[in-house]
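Data first, discussion second: the structure below is written as structure tokens.
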Amino acid sequence: MTFLHKHILGTRQLSAQDITMILDTAESFKEINTRDIKKVPTLRGKTVVNLFYEASTRTRTSFEIAEKRLSADAVNISASSSSVVKGETLEDTARNIEAMRPDIIVIRHSASGAADYLARRLDCSIINAGDGAHEHPSQALLDLFTMRQHRGRIRGLTVTIIGDITHSRVARSNLFALTTMGARVRLAGPGTMIPPGIEKLGCEVFTSMEEALAGADVVMMLRIQLERQGRSLLPSLREYARFYGLNRDKLQLAREDALVMHPGPMNRGVEICSDVADGGQNVILEQVENGVAVRMALLYLVSGPVADNP
């Protein structure tokens, strides 16, 4: 079976078959990460450029490790240390990089649609590592991988995502991927942080955290993205934590074996208490670990010989 996508721009463009192939491929790569020598020659001779216009710890490091474990040549470029500070446009930067003949560009950018913009103009493959408040496909795919690892399936699960939904690219990518795979998705947060009409995408919307948690199989907490808000959307962080912070008492409303997830970075004491973040139901560090295998799978699949434009 051939993966027919040249780019990974979002989960909305992926079919259930695509997502299953990515997760199955990641499963085969995960074993490599447990070896004493964590390297295979799969992408030897390929060059991957990590072009990050925003700060990142988990995503950038995870992609770089994935590239090196596949024996690709990885080049890291930060906007703060590039010609961007001299006024160079995204397109000019990308075209100059492409002139050096990389095989894949992994991009994170503050503008929604930046990855798609490059995919329409460059010949190399583009992987979206997060674009504005639009999508973050690799994060959603590693989240699904972690859910499937623990539950053996995605279909039929009730997944509750709580927090700043409006500004969360993670929430959007998870919503698209989870509904495609047959999960039931609940979104919850203050009314000021819920996009109007998002229920039309096939999810349930709650302003009551308690109602959204009832019987959930998975609870995913999101941080408040103050850097993307033009104005304050809540009275105070203390009040937010009171109504939308996950503590042990609230977690008891979900299923007894519910998974607790967070894409990071966490703001302890705001959206999640430390006793939950470090508790027995959390799989947060497993998400980070699984991110390497999932990103190895994405790099491998888009580098295949047969592809189309999404």
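Just so we're on the same page: first chain in the structure tokens is A, next is B, and so on; residues restart at 1 for each chain, and ligands are numbered from 1 in the order they show up.
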(message) Please return, as a ChimeraX atom specification, all residues of segment 172-218 of chain A that DSSP assigns to helix (DSSP H, G or I) on the basis of the backbone.
(response) /A:172-180,191-193,198-201,209-213
Take the selection from the previous step and output its residues with all heavy atoms, as a short mmCIF file (atom, residue, chain, number, x, y, z; two decimals), in the first residue's frame.
```
data_model
loop_
_atom_site.label_atom_id
_atom_site.label_comp_id
_atom_site.auth_asym_id
_atom_site.auth_seq_id
_atom_site.Cartn_x
_atom_site.Cartn_y
_atom_site.Cartn_z
N ARG A 172 -7.68 21.49 16.96
CA ARG A 172 -8.23 21.32 15.62
C ARG A 172 -7.72 20.04 14.96
O ARG A 172 -8.50 19.26 14.40
CB ARG A 172 -7.87 22.53 14.75
CG ARG A 172 -8.75 23.73 15.01
CD ARG A 172 -8.26 24.96 14.25
NE ARG A 172 -9.16 26.08 14.47
CZ ARG A 172 -9.23 26.78 15.60
NH1 ARG A 172 -8.45 26.45 16.62
NH2 ARG A 172 -10.07 27.78 15.75
N SER A 173 -6.42 19.81 15.01
CA SER A 173 -5.88 18.61 14.38
C SER A 173 -6.41 17.35 15.04
O SER A 173 -6.69 16.36 14.37
CB SER A 173 -4.35 18.64 14.41
OG SER A 173 -3.84 19.56 13.46
N ASN A 174 -6.55 17.38 16.35
CA ASN A 174 -7.12 16.22 17.04
C ASN A 174 -8.59 16.03 16.69
O ASN A 174 -9.03 14.90 16.49
CB ASN A 174 -6.96 16.37 18.56
CG ASN A 174 -5.71 15.70 19.07
OD1 ASN A 174 -5.61 14.47 19.11
ND2 ASN A 174 -4.73 16.50 19.49
N LEU A 175 -9.34 17.11 16.59
CA LEU A 175 -10.74 17.01 16.23
C LEU A 175 -10.90 16.35 14.87
O LEU A 175 -11.70 15.41 14.71
CB LEU A 175 -11.38 18.40 16.23
CG LEU A 175 -12.81 18.52 15.68
CD1 LEU A 175 -13.77 17.62 16.44
CD2 LEU A 175 -13.28 19.97 15.72
N PHE A 176 -10.15 16.80 13.88
CA PHE A 176 -10.26 16.23 12.54
C PHE A 176 -9.85 14.75 12.54
O PHE A 176 -10.54 13.90 11.98
CB PHE A 176 -9.38 17.01 11.56
CG PHE A 176 -9.77 18.44 11.38
CD1 PHE A 176 -8.81 19.44 11.28
CD2 PHE A 176 -11.11 18.82 11.31
CE1 PHE A 176 -9.17 20.77 11.12
CE2 PHE A 176 -11.49 20.14 11.14
CZ PHE A 176 -10.51 21.12 11.05
N ALA A 177 -8.72 14.44 13.17
CA ALA A 177 -8.21 13.07 13.15
C ALA A 177 -9.10 12.12 13.94
O ALA A 177 -9.39 10.99 13.50
CB ALA A 177 -6.78 13.03 13.69
N LEU A 178 -9.54 12.55 15.10
CA LEU A 178 -10.35 11.68 15.95
C LEU A 178 -11.71 11.38 15.33
O LEU A 178 -12.17 10.23 15.36
CB LEU A 178 -10.52 12.32 17.33
CG LEU A 178 -9.29 12.30 18.24
CD1 LEU A 178 -9.47 13.26 19.40
CD2 LEU A 178 -9.02 10.88 18.75
N THR A 179 -12.36 12.39 14.77
CA THR A 179 -13.66 12.14 14.15
C THR A 179 -13.51 11.27 12.91
O THR A 179 -14.36 10.42 12.64
CB THR A 179 -14.38 13.46 13.80
OG1 THR A 179 -13.51 14.29 13.02
CG2 THR A 179 -14.76 14.22 15.07
N THR A 180 -12.44 11.47 12.17
CA THR A 180 -12.18 10.61 11.00
C THR A 180 -12.04 9.15 11.42
O THR A 180 -12.49 8.25 10.71
CB THR A 180 -10.90 11.07 10.27
OG1 THR A 180 -11.11 12.38 9.74
CG2 THR A 180 -10.53 10.13 9.13
N GLY A 191 -16.73 30.33 27.27
CA GLY A 191 -17.39 30.71 26.03
C GLY A 191 -16.53 31.60 25.16
O GLY A 191 -16.62 31.55 23.93
N THR A 192 -15.65 32.40 25.78
CA THR A 192 -14.78 33.30 25.03
C THR A 192 -13.66 32.56 24.33
O THR A 192 -12.94 33.14 23.50
CB THR A 192 -14.16 34.35 25.98
OG1 THR A 192 -13.51 33.68 27.07
CG2 THR A 192 -15.21 35.30 26.50
N MET A 193 -13.48 31.28 24.65
CA MET A 193 -12.39 30.49 24.06
C MET A 193 -12.91 29.32 23.22
O MET A 193 -12.17 28.38 22.94
CB MET A 193 -11.47 29.96 25.17
CG MET A 193 -10.72 31.05 25.90
SD MET A 193 -9.58 30.40 27.13
CE MET A 193 -8.90 31.93 27.79
N ILE A 198 -18.16 25.69 15.89
CA ILE A 198 -17.21 24.58 15.75
C ILE A 198 -17.90 23.22 15.87
O ILE A 198 -17.41 22.22 15.37
CB ILE A 198 -16.06 24.70 16.78
CG1 ILE A 198 -14.89 23.78 16.35
CG2 ILE A 198 -16.54 24.39 18.19
CD1 ILE A 198 -13.62 24.00 17.14
N GLU A 199 -19.09 23.21 16.48
CA GLU A 199 -19.83 21.94 16.60
C GLU A 199 -20.22 21.39 15.23
O GLU A 199 -20.49 20.19 15.09
CB GLU A 199 -21.07 22.11 17.48
CG GLU A 199 -22.11 23.07 16.95
CD GLU A 199 -21.84 24.53 17.26
OE1 GLU A 199 -20.79 24.83 17.89
OE2 GLU A 199 -22.68 25.37 16.88
N LYS A 200 -20.23 22.24 14.22
CA LYS A 200 -20.55 21.78 12.87
C LYS A 200 -19.48 20.84 12.32
O LYS A 200 -19.71 20.15 11.32
CB LYS A 200 -20.72 22.98 11.93
CG LYS A 200 -21.90 23.88 12.28
CD LYS A 200 -21.96 25.10 11.38
CE LYS A 200 -23.10 26.04 11.78
NZ LYS A 200 -23.14 27.27 10.94
N LEU A 201 -18.32 20.80 12.97
CA LEU A 201 -17.25 19.90 12.54
C LEU A 201 -17.40 18.51 13.15
O LEU A 201 -16.53 17.66 12.97
CB LEU A 201 -15.89 20.50 12.91
CG LEU A 201 -15.54 21.83 12.24
CD1 LEU A 201 -14.20 22.36 12.74
CD2 LEU A 201 -15.52 21.67 10.72
N MET A 209 -17.08 22.23 32.47
CA MET A 209 -16.03 21.22 32.46
C MET A 209 -16.54 19.90 33.02
O MET A 209 -16.22 18.82 32.50
CB MET A 209 -14.83 21.71 33.27
CG MET A 209 -13.66 20.75 33.31
SD MET A 209 -12.27 21.44 34.22
CE MET A 209 -11.07 20.13 34.07
N GLU A 210 -17.35 19.99 34.05
CA GLU A 210 -17.86 18.78 34.69
C GLU A 210 -18.71 17.95 33.73
O GLU A 210 -18.59 16.72 33.67
CB GLU A 210 -18.67 19.14 35.94
CG GLU A 210 -17.84 19.65 37.12
CD GLU A 210 -17.34 21.08 36.95
OE1 GLU A 210 -17.81 21.78 36.00
OE2 GLU A 210 -16.50 21.52 37.75
N GLU A 211 -19.56 18.59 32.97
CA GLU A 211 -20.39 17.88 32.00
C GLU A 211 -19.53 17.24 30.91
O GLU A 211 -19.79 16.12 30.47
CB GLU A 211 -21.41 18.83 31.37
CG GLU A 211 -22.50 19.29 32.32
CD GLU A 211 -23.48 20.25 31.64
OE1 GLU A 211 -23.49 20.31 30.39
OE2 GLU A 211 -24.21 20.96 32.37
N ALA A 212 -18.52 17.94 30.48
CA ALA A 212 -17.65 17.42 29.42
C ALA A 212 -16.84 16.22 29.89
O ALA A 212 -16.48 15.34 29.09
CB ALA A 212 -16.72 18.52 28.92
N LEU A 213 -16.53 16.17 31.18
CA LEU A 213 -15.70 15.09 31.71
C LEU A 213 -16.48 13.79 31.95
O LEU A 213 -15.88 12.71 32.00
CB LEU A 213 -15.06 15.52 33.04
CG LEU A 213 -13.88 16.49 32.97
CD1 LEU A 213 -13.53 16.99 34.37
CD2 LEU A 213 -12.68 15.84 32.31
#
```
(request) Could you give me, as a ChimeraX atom specification, the residues within 12 Å of Arg169 of chain A, counting only C-alpha atoms and dropping anything in the same chain fewer than 5 positions from it? (result) /A:9-12,108-113,128-140,163-164,174-176,222-223,225,228,263
(message) Let me make sure I understand: among A:Lys46, A:Arg238, A:His167, A:Arg248, which one has the smallest atom-to-atom distance to Ile224 of chain A if we use only C-alpha atoms?
(response)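 Under the stated criterion, the closest residue is A:His167.
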(request) Name the closest residue to Thr20 of chain A among the candidates A:Asp278, A:Leu144, A:Arg184, A:Asp103; distances are taken between atoms, counting only C-alpha atoms. (result) A:Leu144
(request) Using only C-alpha atoms, determine which residues lie at most 12 Å from Glu286 of chain A, disregarding the query and same-chain residues fewer than 3 positions distant; provide the list as a ChimeraX atom specification. (result) /A:30,142-147,149-150,259-263,281-283,289-293
